[in-house]
$ cat entry.cif   # mmCIF, C-alpha atoms and all ligand atoms
data_input
#
loop_
_atom_site.label_atom_id
_atom_site.label_comp_id
_atom_site.auth_asym_id
_atom_site.auth_seq_id
_atom_site.Cartn_x
_atom_site.Cartn_y
_atom_site.Cartn_z
CA MET A 1 -0.57 44.58 -13.45
CA ILE A 2 -1.20 46.86 -10.48
CA SER A 3 -2.94 45.46 -7.44
CA VAL A 4 -3.64 46.01 -3.79
CA SER A 5 -2.38 42.88 -2.11
CA VAL A 6 -2.09 42.58 1.64
CA PRO A 7 0.29 39.76 2.63
CA ARG A 8 -1.45 36.96 4.52
CA GLY A 9 -4.65 39.02 4.46
CA ARG A 10 -7.83 38.53 2.58
CA ILE A 11 -7.54 41.81 0.74
CA ARG A 12 -6.50 41.48 -2.86
CA TYR A 13 -7.87 43.35 -5.84
CA PRO A 14 -6.73 44.57 -9.22
CA ILE A 15 -6.34 48.14 -10.40
CA ARG A 16 -6.59 48.35 -14.16
CA VAL A 17 -5.90 51.51 -16.12
CA ALA A 18 -7.09 50.85 -19.65
CA PRO A 19 -8.43 53.27 -22.28
CA GLY A 20 -12.01 52.39 -23.24
CA ILE A 21 -12.59 50.08 -20.28
CA LEU A 22 -15.78 51.93 -19.28
CA SER A 23 -17.51 50.72 -22.43
CA ARG A 24 -16.49 47.18 -21.49
CA ALA A 25 -17.79 47.40 -17.92
CA GLY A 26 -20.06 44.39 -18.44
CA ASP A 27 -17.18 42.11 -19.43
CA VAL A 28 -15.09 43.47 -16.58
CA MET A 29 -17.89 42.64 -14.15
CA LEU A 30 -18.25 39.13 -15.56
CA GLY A 31 -14.64 38.61 -14.48
CA ILE A 32 -15.75 39.35 -10.92
CA ARG A 33 -19.15 37.68 -10.65
CA ALA A 34 -21.97 36.05 -12.55
CA SER A 35 -24.55 38.34 -14.09
CA GLY A 36 -27.56 39.46 -12.07
CA LYS A 37 -28.76 42.61 -10.36
CA VAL A 38 -26.19 45.39 -9.80
CA LEU A 39 -26.52 48.80 -8.14
CA VAL A 40 -24.93 51.70 -9.98
CA VAL A 41 -24.18 54.93 -8.10
CA THR A 42 -23.05 57.98 -10.04
CA ASP A 43 -23.55 61.74 -10.11
CA ARG A 44 -25.71 63.68 -12.53
CA THR A 45 -22.81 65.03 -14.58
CA VAL A 46 -21.22 61.62 -15.09
CA ALA A 47 -24.63 60.05 -15.70
CA ARG A 48 -25.25 62.50 -18.53
CA LEU A 49 -21.83 61.89 -20.11
CA TYR A 50 -21.23 58.19 -19.56
CA GLY A 51 -24.31 56.64 -17.98
CA ALA A 52 -25.86 55.28 -21.17
CA ARG A 53 -22.76 53.51 -22.45
CA PHE A 54 -21.93 52.11 -19.01
CA LEU A 55 -25.41 50.70 -18.45
CA ALA A 56 -25.60 49.39 -22.03
CA SER A 57 -22.37 47.47 -21.54
CA LEU A 58 -23.68 45.95 -18.30
CA ARG A 59 -26.94 44.94 -19.97
CA ARG A 60 -25.12 43.38 -22.92
CA ALA A 61 -23.27 41.17 -20.47
CA GLY A 62 -26.54 40.08 -18.87
CA PHE A 63 -26.56 42.32 -15.80
CA THR A 64 -29.64 44.17 -14.58
CA PRO A 65 -28.43 47.57 -13.40
CA HIS A 66 -30.42 49.78 -11.01
CA ALA A 67 -28.90 53.25 -11.12
CA ILE A 68 -29.05 56.29 -8.88
CA ALA A 69 -27.52 59.63 -9.91
CA LEU A 70 -26.72 61.92 -6.98
CA PRO A 71 -26.39 65.69 -7.29
CA THR A 72 -22.87 66.66 -8.39
CA GLY A 73 -20.20 68.00 -6.03
CA GLU A 74 -18.56 67.84 -2.63
CA ARG A 75 -21.63 69.21 -0.86
CA THR A 76 -23.40 65.95 -1.69
CA LYS A 77 -20.91 64.02 0.44
CA THR A 78 -23.28 63.84 3.41
CA LEU A 79 -24.98 61.26 5.53
CA ALA A 80 -28.26 62.29 3.88
CA SER A 81 -26.95 60.96 0.55
CA VAL A 82 -25.95 57.66 2.14
CA ARG A 83 -29.38 57.36 3.66
CA ARG A 84 -31.03 58.15 0.37
CA LEU A 85 -29.08 55.35 -1.36
CA CYS A 86 -29.75 52.82 1.39
CA GLU A 87 -33.46 53.59 1.58
CA ARG A 88 -33.80 53.19 -2.14
CA TRP A 89 -31.92 49.88 -2.03
CA ALA A 90 -34.18 48.68 0.78
CA ARG A 91 -37.22 49.56 -1.33
CA TRP A 92 -35.70 47.57 -4.17
CA ARG A 93 -35.32 44.64 -1.70
CA VAL A 94 -31.57 44.50 -2.21
CA ASP A 95 -29.81 41.74 -0.27
CA ARG A 96 -26.15 41.07 0.34
CA SER A 97 -25.66 39.24 -2.94
CA VAL A 98 -26.00 42.46 -4.95
CA PRO A 99 -22.84 44.51 -5.66
CA VAL A 100 -22.50 48.29 -5.85
CA LEU A 101 -20.72 49.89 -8.80
CA ALA A 102 -19.41 53.41 -8.19
CA LEU A 103 -19.14 55.38 -11.44
CA GLY A 104 -17.69 58.84 -10.85
CA GLY A 105 -15.12 60.93 -9.04
CA GLY A 106 -13.94 60.72 -5.46
CA VAL A 107 -17.19 62.14 -4.15
CA VAL A 108 -19.18 59.31 -5.72
CA SER A 109 -16.78 56.56 -4.63
CA ASP A 110 -16.57 57.90 -1.07
CA ILE A 111 -20.38 57.97 -0.73
CA ALA A 112 -21.13 54.76 -2.64
CA GLY A 113 -18.39 52.84 -0.83
CA PHE A 114 -19.64 54.01 2.55
CA ALA A 115 -23.23 53.08 1.73
CA ALA A 116 -21.95 49.70 0.49
CA ALA A 117 -20.06 49.21 3.76
CA ALA A 118 -23.09 50.01 5.88
CA TYR A 119 -26.04 48.55 3.98
CA ALA A 120 -26.90 45.07 5.30
CA ARG A 121 -23.46 45.18 7.02
CA GLY A 122 -21.63 45.18 3.76
CA LEU A 123 -22.19 44.79 0.03
CA ASP A 124 -19.38 44.05 -2.38
CA TRP A 125 -18.42 47.03 -4.43
CA VAL A 126 -16.39 47.89 -7.52
CA VAL A 127 -15.01 51.30 -8.51
CA PHE A 128 -15.02 52.87 -11.97
CA PRO A 129 -13.29 56.19 -11.22
CA THR A 130 -13.88 58.95 -13.77
CA THR A 131 -11.72 61.83 -12.50
CA LEU A 132 -7.96 62.10 -12.47
CA LEU A 133 -8.08 62.49 -8.71
CA ALA A 134 -10.10 59.32 -8.25
CA GLN A 135 -8.07 57.26 -10.75
CA ALA A 136 -4.74 58.27 -9.24
CA ASP A 137 -5.82 58.24 -5.61
CA ALA A 138 -9.36 58.31 -4.17
CA GLY A 139 -10.75 55.23 -5.90
CA ILE A 140 -8.00 53.02 -4.50
CA GLY A 141 -7.69 51.86 -0.92
CA GLY A 142 -11.11 51.33 0.59
CA LYS A 143 -11.27 54.50 2.67
CA VAL A 144 -14.87 55.60 2.31
CA GLY A 145 -17.00 58.13 4.09
CA VAL A 146 -18.81 61.44 4.17
CA ASN A 147 -18.31 64.89 5.65
CA LEU A 148 -19.88 66.43 8.71
CA PRO A 149 -20.23 70.22 8.97
CA LEU A 150 -17.48 70.15 11.60
CA GLY A 151 -14.99 68.18 9.61
CA LYS A 152 -14.07 66.50 6.40
CA ASN A 153 -14.54 62.70 6.16
CA LEU A 154 -15.45 62.51 9.84
CA LEU A 155 -17.87 59.67 9.27
CA GLY A 156 -16.37 56.71 7.48
CA ALA A 157 -15.20 53.15 7.25
CA PHE A 158 -12.70 50.88 5.59
CA HIS A 159 -14.34 48.86 2.89
CA HIS A 160 -12.07 47.61 0.17
CA PRO A 161 -13.53 47.27 -3.32
CA ARG A 162 -13.28 44.12 -5.44
CA GLY A 163 -11.53 46.02 -8.20
CA VAL A 164 -10.71 49.50 -9.53
CA PHE A 165 -11.12 50.03 -13.28
CA CYS A 166 -9.90 53.34 -14.70
CA ASP A 167 -10.63 54.60 -18.19
CA PRO A 168 -8.24 57.51 -18.86
CA GLU A 169 -10.18 58.41 -22.03
CA VAL A 170 -13.04 59.82 -19.97
CA LEU A 171 -10.70 62.43 -18.50
CA ARG A 172 -10.98 64.32 -21.79
CA THR A 173 -14.33 65.73 -20.67
CA LEU A 174 -13.11 66.75 -17.24
CA SER A 175 -13.12 70.51 -16.54
CA PRO A 176 -9.61 72.00 -16.43
CA ARG A 177 -10.23 72.78 -12.78
CA ALA A 178 -11.06 69.17 -11.90
CA PHE A 179 -8.08 67.96 -13.95
CA ARG A 180 -5.70 70.27 -12.06
CA SER A 181 -7.23 69.14 -8.81
CA GLY A 182 -6.14 65.57 -9.59
CA LEU A 183 -2.62 66.75 -10.41
CA ALA A 184 -2.31 67.94 -6.80
CA GLU A 185 -2.59 64.37 -5.48
CA ILE A 186 0.04 63.22 -7.99
CA VAL A 187 2.39 65.96 -6.77
CA LYS A 188 1.76 64.70 -3.24
CA ILE A 189 2.85 61.16 -4.16
CA GLY A 190 5.91 62.61 -5.88
CA VAL A 191 6.90 64.59 -2.79
CA ILE A 192 6.45 61.80 -0.26
CA ARG A 193 7.75 58.87 -2.25
CA ARG A 194 8.43 59.13 -5.98
CA PRO A 195 10.38 62.27 -7.05
CA ALA A 196 10.39 61.04 -10.68
CA LEU A 197 6.69 61.93 -10.79
CA LEU A 198 7.56 65.55 -10.03
CA ALA A 199 10.07 65.58 -12.87
CA SER A 200 7.51 64.11 -15.29
CA LEU A 201 4.87 66.65 -14.30
CA ARG A 202 7.33 69.51 -14.68
CA ARG A 203 8.50 68.29 -18.07
CA LEU A 204 5.00 67.74 -19.43
CA ALA A 205 3.71 71.08 -18.10
CA ARG A 206 6.63 73.01 -19.60
CA ARG A 207 6.01 71.39 -22.96
CA GLY A 208 2.31 72.24 -22.70
CA ALA A 209 1.68 68.50 -22.99
CA LEU A 210 -0.08 67.91 -19.71
CA ALA A 211 -3.56 66.96 -20.90
CA ALA A 212 -5.84 63.92 -20.73
CA PRO A 213 -5.50 60.98 -20.94
CA VAL A 214 -2.12 60.93 -19.04
CA THR A 215 -2.35 57.13 -18.81
CA SER A 216 1.23 56.55 -17.70
CA LEU A 217 1.01 59.17 -14.93
CA ILE A 218 -2.14 57.53 -13.60
CA ARG A 219 -0.49 54.11 -13.64
CA ALA A 220 2.56 55.44 -11.83
CA ALA A 221 0.50 57.21 -9.16
CA ALA A 222 -1.92 54.29 -8.73
CA ARG A 223 1.01 51.90 -8.28
CA GLU A 224 2.37 54.04 -5.43
CA LYS A 225 -1.05 54.39 -3.80
CA ALA A 226 -1.47 50.61 -3.99
CA TRP A 227 1.98 50.21 -2.40
CA TYR A 228 0.88 52.20 0.66
CA VAL A 229 -2.50 50.49 0.92
CA SER A 230 -0.98 47.02 0.61
CA ARG A 231 1.41 47.71 3.46
CA ASP A 232 -1.06 49.47 5.70
CA PRO A 233 -4.66 48.75 4.63
CA GLU A 234 -6.18 50.32 7.75
CA ASP A 235 -4.17 53.49 7.81
CA ARG A 236 -2.37 52.87 11.09
CA GLY A 237 1.15 53.70 10.01
CA ILE A 238 2.90 54.45 6.77
CA ARG A 239 -0.29 55.05 4.77
CA GLN A 240 -0.77 58.18 6.85
CA HIS A 241 2.05 59.73 4.82
CA LEU A 242 -0.57 60.17 2.09
CA ASN A 243 -2.05 62.87 4.31
CA PHE A 244 0.78 65.22 3.35
CA GLY A 245 -0.91 68.58 2.72
CA HIS A 246 -4.24 67.30 3.97
CA THR A 247 -4.31 68.57 7.56
CA VAL A 248 -4.38 72.17 6.38
CA GLY A 249 -6.20 71.19 3.15
CA HIS A 250 -9.12 69.55 4.92
CA ALA A 251 -9.42 72.44 7.38
CA LEU A 252 -9.56 74.90 4.46
CA GLU A 253 -12.27 72.87 2.73
CA ALA A 254 -14.38 72.56 5.86
CA SER A 255 -13.94 76.18 6.96
CA TYR A 256 -15.23 77.38 3.60
CA ASP A 257 -18.17 75.01 3.83
CA TYR A 258 -16.84 72.89 0.91
CA LYS A 259 -17.69 75.73 -1.48
CA ARG A 260 -14.56 77.66 -2.18
CA PHE A 261 -11.83 75.14 -2.93
CA THR A 262 -11.90 71.80 -4.69
CA HIS A 263 -10.20 69.05 -2.71
CA GLY A 264 -7.06 69.25 -4.87
CA GLU A 265 -6.88 73.04 -4.61
CA ALA A 266 -7.11 72.90 -0.83
CA VAL A 267 -4.45 70.17 -0.78
CA SER A 268 -2.22 72.30 -3.01
CA ILE A 269 -2.25 75.17 -0.50
CA GLY A 270 -1.94 72.58 2.27
CA MET A 271 1.20 71.17 0.62
CA VAL A 272 2.78 74.62 0.43
CA ALA A 273 2.07 75.02 4.15
CA ALA A 274 3.42 71.54 4.88
CA SER A 275 6.57 72.21 2.81
CA ARG A 276 7.27 75.47 4.61
CA LEU A 277 6.68 73.79 7.94
CA SER A 278 8.94 70.93 6.83
CA VAL A 279 11.76 73.43 6.35
CA ARG A 280 11.30 74.67 9.92
CA VAL A 281 10.54 71.41 11.70
CA ALA A 282 11.82 68.52 9.60
CA GLY A 283 14.97 69.93 8.02
CA LEU A 284 13.70 70.08 4.42
CA ASP A 285 16.04 72.05 2.17
CA PRO A 286 14.37 75.46 1.52
CA THR A 287 15.17 75.16 -2.19
CA ALA A 288 13.24 71.89 -2.30
CA ALA A 289 10.25 73.58 -0.64
CA LEU A 290 10.37 76.34 -3.24
CA GLY A 291 10.56 73.69 -5.96
CA ILE A 292 7.29 72.13 -4.75
CA GLU A 293 5.61 75.52 -4.72
CA ASP A 294 6.90 76.41 -8.19
CA LEU A 295 5.64 73.14 -9.61
CA LEU A 296 2.17 73.63 -8.12
CA ARG A 297 2.07 77.14 -9.58
CA LEU A 298 3.23 75.82 -12.96
CA LEU A 299 0.36 73.31 -12.85
CA GLY A 300 -2.12 76.15 -12.28
CA LEU A 301 -2.88 75.19 -8.70
CA PRO A 302 -3.35 77.79 -5.94
CA VAL A 303 -0.40 78.33 -3.61
CA ARG A 304 -1.61 81.36 -1.66
CA LEU A 305 -4.55 82.50 0.45
CA ASN A 306 -6.40 85.75 -0.17
CA ARG A 307 -6.81 86.39 3.50
CA LEU A 308 -6.02 84.88 6.84
CA PRO A 309 -8.40 82.01 7.59
CA GLY A 310 -10.71 82.65 10.53
CA ALA A 311 -11.77 80.75 13.61
CA ALA A 312 -13.60 78.11 11.55
CA PHE A 313 -10.28 77.07 10.01
CA TRP A 314 -8.53 76.66 13.35
CA SER A 315 -11.40 74.77 14.85
CA ALA A 316 -11.62 72.45 11.82
CA LEU A 317 -7.87 71.92 12.11
CA GLN A 318 -8.19 70.89 15.75
CA LYS A 319 -11.05 68.57 14.85
CA ASP A 320 -9.24 66.90 12.01
CA LYS A 321 -9.31 63.24 12.89
CA LYS A 322 -5.58 62.94 12.33
CA ARG A 323 -4.99 65.10 15.40
CA GLY A 324 -3.26 63.36 18.25
CA ARG A 325 -4.86 63.42 21.68
CA THR A 326 -3.29 66.64 22.82
CA ARG A 327 -1.06 67.81 20.04
CA LEU A 328 -1.43 68.40 16.36
CA ARG A 329 0.11 65.64 14.27
CA MET A 330 1.17 66.48 10.77
CA VAL A 331 2.88 64.66 7.95
CA LEU A 332 5.97 66.55 6.83
CA SER A 333 8.74 65.83 4.39
CA PRO A 334 12.38 65.86 5.58
CA ALA A 335 13.56 65.45 1.96
CA ILE A 336 11.90 65.08 -1.43
CA GLY A 337 10.82 61.46 -1.73
CA ALA A 338 10.38 60.95 2.01
CA ALA A 339 7.77 61.69 4.68
CA ASN A 340 7.19 61.25 8.38
CA THR A 341 4.60 62.09 10.97
CA TYR A 342 5.57 64.88 13.38
CA GLU A 343 3.96 66.01 16.60
CA LEU A 344 3.71 69.77 16.86
CA HIS A 345 3.99 70.86 20.46
CA SER A 346 2.75 74.32 19.66
CA LEU A 347 0.66 75.79 16.87
CA THR A 348 2.91 78.83 16.60
CA PRO A 349 5.08 77.65 13.66
CA LEU A 350 1.94 76.61 11.77
CA ARG A 351 0.29 79.97 12.47
CA GLU A 352 3.37 81.72 11.14
CA VAL A 353 3.44 79.55 8.04
CA ILE A 354 -0.27 80.18 7.36
CA THR A 355 0.32 83.93 7.77
CA SER A 356 3.19 83.71 5.30
CA LEU A 357 0.78 82.31 2.70
CA VAL A 358 -1.52 85.31 2.68
CA GLN A 359 -1.10 87.17 -0.56
CA ARG A 360 0.01 90.74 -0.19
CA PRO A 361 -2.27 93.16 -2.02
N1 LIG B 401 -11.15 57.83 -0.20
C1 LIG B 401 -9.95 58.31 -0.42
O1 LIG B 401 -8.94 57.66 -0.18
C2 LIG B 401 -9.82 59.68 -0.98
C3 LIG B 401 -8.57 60.17 -1.39
C4 LIG B 401 -8.49 61.43 -1.97
C5 LIG B 401 -9.64 62.21 -2.10
N2 LIG B 401 -10.84 61.73 -1.67
C6 LIG B 401 -12.07 62.50 -1.82
O2 LIG B 401 -12.35 62.65 -3.20
C7 LIG B 401 -13.17 63.80 -3.36
C8 LIG B 401 -12.71 64.60 -4.56
O3 LIG B 401 -12.81 63.79 -5.70
P1 LIG B 401 -12.95 64.42 -7.16
O4 LIG B 401 -11.97 65.49 -7.33
O5 LIG B 401 -12.96 63.27 -8.09
O6 LIG B 401 -14.37 65.17 -7.06
P2 LIG B 401 -15.80 64.89 -7.72
O7 LIG B 401 -16.20 63.49 -7.57
O8 LIG B 401 -16.69 65.94 -7.16
O9 LIG B 401 -15.57 65.20 -9.27
C9 LIG B 401 -15.22 66.50 -9.69
C10 LIG B 401 -16.18 67.00 -10.77
O10 LIG B 401 -15.94 66.30 -12.00
C11 LIG B 401 -17.15 65.79 -12.53
N3 LIG B 401 -16.78 64.61 -13.32
C12 LIG B 401 -16.45 63.38 -12.88
N4 LIG B 401 -15.99 62.63 -13.89
C13 LIG B 401 -16.07 63.38 -15.02
C14 LIG B 401 -15.73 63.17 -16.37
N5 LIG B 401 -15.15 62.04 -16.78
N6 LIG B 401 -15.96 64.16 -17.25
C15 LIG B 401 -16.50 65.35 -16.84
N7 LIG B 401 -16.80 65.62 -15.57
C16 LIG B 401 -16.59 64.65 -14.65
C17 LIG B 401 -18.00 65.53 -11.33
O11 LIG B 401 -19.36 65.49 -11.68
C18 LIG B 401 -17.65 66.73 -10.46
O12 LIG B 401 -18.36 67.86 -10.88
C19 LIG B 401 -13.08 64.58 -2.08
O13 LIG B 401 -14.28 64.44 -1.37
C20 LIG B 401 -11.96 63.90 -1.33
O14 LIG B 401 -12.12 63.98 0.05
C21 LIG B 401 -10.95 60.48 -1.13
ZN ZN B 402 -6.68 63.87 -1.02
#
$ encode --input "entry.cif" --output "structure tokens" --more "lines below"
Ligand SMILES: NC(=O)c1ccc[n+]([C@@H]2O[C@H](COP(=O)([O-])OP(=O)(O)OC[C@H]3O[C@@H](n4cnc5c(N)ncnc54)[C@H](O)[C@@H]3O)[C@@H](O)[C@H]2O)c1
Ligand SMILES: [Zn+2]
Amino acid sequence: MISVSVPRGRIRYPIRVAPGILSRAGDVMLGIRASGKVLVVTDRTVARLYGARFLASLRRAGFTPHAIALPTGERTKTLASVRRLCERWARWRVDRSVPVLALGGGVVSDIAGFAAAAYARGLDWVVFPTTLLAQADAGIGGKVGVNLPLGKNLLGAFHHPRGVFCDPEVLRTLSPRAFRSGLAEIVKIGVIRRPALLASLRRLARRGALAAPVTSLIRAAAREKAWYVSRDPEDRGIRQHLNFGHTVGHALEASYDYKRFTHGEAVSIGMVAASRLSVRVAGLDPTAALGIEDLLRLLGLPVRLNRLPGAAFWSALQKDKKRGRTRLRMVLSPAIGAANTYELHSLTPLREVITSLVQRP
């Protein structure tokens, strides 16, 4: 049993990774509350693939679902989407007794969770993550929010769900690109805390056996994510280690207007940058840094840039909310399985590392 459990706090919820659980969503929900009205938020792709069976299961258990399917993709992660959800809920006369069910990837859970946090000052919510990235990472931990043009996740809140229910079977329909994107977050957890995950990924990839449903990998990654969240539910300390690769990753996403890279792809390049910087600043063994890069390449993730990022990248980097007051703070790894936050007194080493990532023609 995996759970987020904050000692002496009020936060406690289960994370279940169980094949077929999406078709039993109604029974799962009955374990959380009595039947009644529920609000389902999904995206159009997931609605087409899994909406009918999800809603049918809820209805069988006596729930009355009201569903909204948002357009698919990162560019939907805006305040306009949150407003659209909340206005619709207001029209439906939703009060605080009605829970929100997020059915989808990280984009859906970030938006739905934020709307749930804000509407009527907080509705309960439950996550049914449907991408590898969301099952291993994004669906867990209550960080919710949307992007602003100037920066990724700049508008957000902490709003922990009542439960996270992952069905690895649904990953079979994920595009290879979205699947690889999720692998990037698992690599991250391997680098900062659990090297055995890196070994598993390498072994599976070499055997050509890295394909959905990868249930045990999801469980292993979710357990580590829950470990961080349980110790630091509001991201004030050790949970920030999960930002490894994200300072550069988020700036890449934002500077390309959320069009060019998926989140996991941007994080992959961000992790190569962070590893190289770790060698220079944190004493990481250069061979270990190369090992991270080789694994990402083996997984089919990008590890290079086509050209030097422009001013938009540097300004997004400075605006990243993880920046300290005057200096850039970055999570680096002094050794595989460990991480720490470092203050960079100058941007020069980072500039040099970014330059080193530009592919030679
Ligand atoms: N809140 C957090 O702690 C946290 C952590 C990591 C990432 N994130 C956020 O998560 C987002 C990325 O999440 P994502 O990669 O899941 O993106 P996503 O939600 O956009 O999903 C990727 C694509 O897969 C499709 N899809 C979803 N489930 C499917 C299925 N079972 N079969 C077929 N297609 C399916 C979606 O429609 C979409 O096109 C980013 O916005 C990132 O910032 C949040
Ligand atoms: Zn991430």
$ closest_residue --input "entry.cif" --among "A:Arg206, A:Arg83, A:Arg44, A:His159" --to "ligand LIG 401 (chain B)" --atoms "all atoms listed in the file"
A:Arg44
$ closest_residue --input "entry.cif" --among "A:Arg202, A:Arg280, A:Arg10, A:Arg16" --to "A:Pro129" --atoms "all atoms listed in the file"
A:Arg16
$ residues_around --input "entry.cif" --residues "stretch 241-252 of chain A" --least-positions-apart "5" --cutoff "9 Å" --atoms "all atoms listed in the file" --output "ChimeraX atom specification"
/A:151-153,185,188-189,191-192,225,228,257-258,260-261,263-275,309,312-320,322-323,329-333,338-341
$ atom_distance --input "entry.cif" --atom1 "atom CA of A:Phe165" --atom2 "atom CA of A:Pro195"
25.5 Å
$ residues_near_ligand --input "entry.cif" --ligand "ligand LIG 401 (chain B)" --cutoff "6 Å" --atoms "only C-alpha atoms and all ligand atoms" --output "list in words"
Asp43, Thr45, Val46, Thr72, Gly73, Glu74, Gly104, Gly105, Gly106, Val107, Val108, Asp110, Thr130, Thr131, Leu133, Ala134, Asp137, Ala138, Gly141, Lys143, Val144, Val170, Leu171, Thr173, Leu174, Ala178 and His263 of chain A
$ atom_distance --input "entry.cif" --atom1 "atom CA of A:Cys86" --atom2 "atom CA of A:Val127"
17.8 Å
$ residues_around --input "entry.cif" --residues "A:Ala25" --least-positions-apart "3" --cutoff "10 Å" --atoms "only C-alpha atoms" --output "PyMOL selection string"
chain A and resi 20-22+28-31+53-61+101+128+165
$ residues_around --input "entry.cif" --residues "A:Ala226" --least-positions-apart "4" --cutoff "12 Å" --atoms "all atoms listed in the file" --output "number ranges by chain"
A: 1-6, 11-16, 135-142, 160, 163-164, 189, 218-222, 230-233, 239, 242
$ closest_residue --input "entry.cif" --among "A:Leu198, A:Ala112, A:Val98, A:Leu79" --to "A:Ser35" --atoms "all atoms listed in the file"
A:Val98
$ decode --input "entry.cif" --residues "stretch 263-293 of chain A" --atoms "C-alpha atoms" --output "CSV table (one decimal), in the first residue's frame"
chain,number,residue,atom,x,y,z
A,263,HIS,CA,7.3,18.4,-20.4
A,264,GLY,CA,9.3,15.2,-20.1
A,265,GLU,CA,11.4,16.1,-23.2
A,266,ALA,CA,12.2,19.5,-21.7
A,267,VAL,CA,13.1,17.9,-18.4
A,268,SER,CA,15.3,15.4,-20.2
A,269,ILE,CA,17.4,18.2,-21.7
A,270,GLY,CA,17.2,20.0,-18.4
A,271,MET,CA,18.6,16.9,-16.6
A,272,VAL,CA,21.6,16.8,-19.0
A,273,ALA,CA,22.2,20.4,-18.2
A,274,ALA,CA,21.8,19.8,-14.5
A,275,SER,CA,24.2,16.8,-14.6
A,276,ARG,CA,26.9,18.7,-16.4
A,277,LEU,CA,26.5,21.6,-14.0
A,278,SER,CA,26.6,19.0,-11.1
A,279,VAL,CA,30.0,17.9,-12.4
A,280,ARG,CA,31.3,21.5,-12.3
A,281,VAL,CA,29.6,22.8,-9.1
A,282,ALA,CA,28.6,19.8,-7.0
A,283,GLY,CA,31.4,17.3,-7.6
A,284,LEU,CA,29.4,14.7,-9.5
A,285,ASP,CA,31.7,12.1,-11.1
A,286,PRO,CA,31.8,12.9,-14.9
A,287,THR,CA,31.2,9.3,-15.7
A,288,ALA,CA,28.0,9.3,-13.7
A,289,ALA,CA,26.9,12.4,-15.7
A,290,LEU,CA,27.6,10.6,-18.9
A,291,GLY,CA,25.7,7.6,-17.6
A,292,ILE,CA,22.5,9.8,-17.1
A,293,GLU,CA,22.9,11.2,-20.6
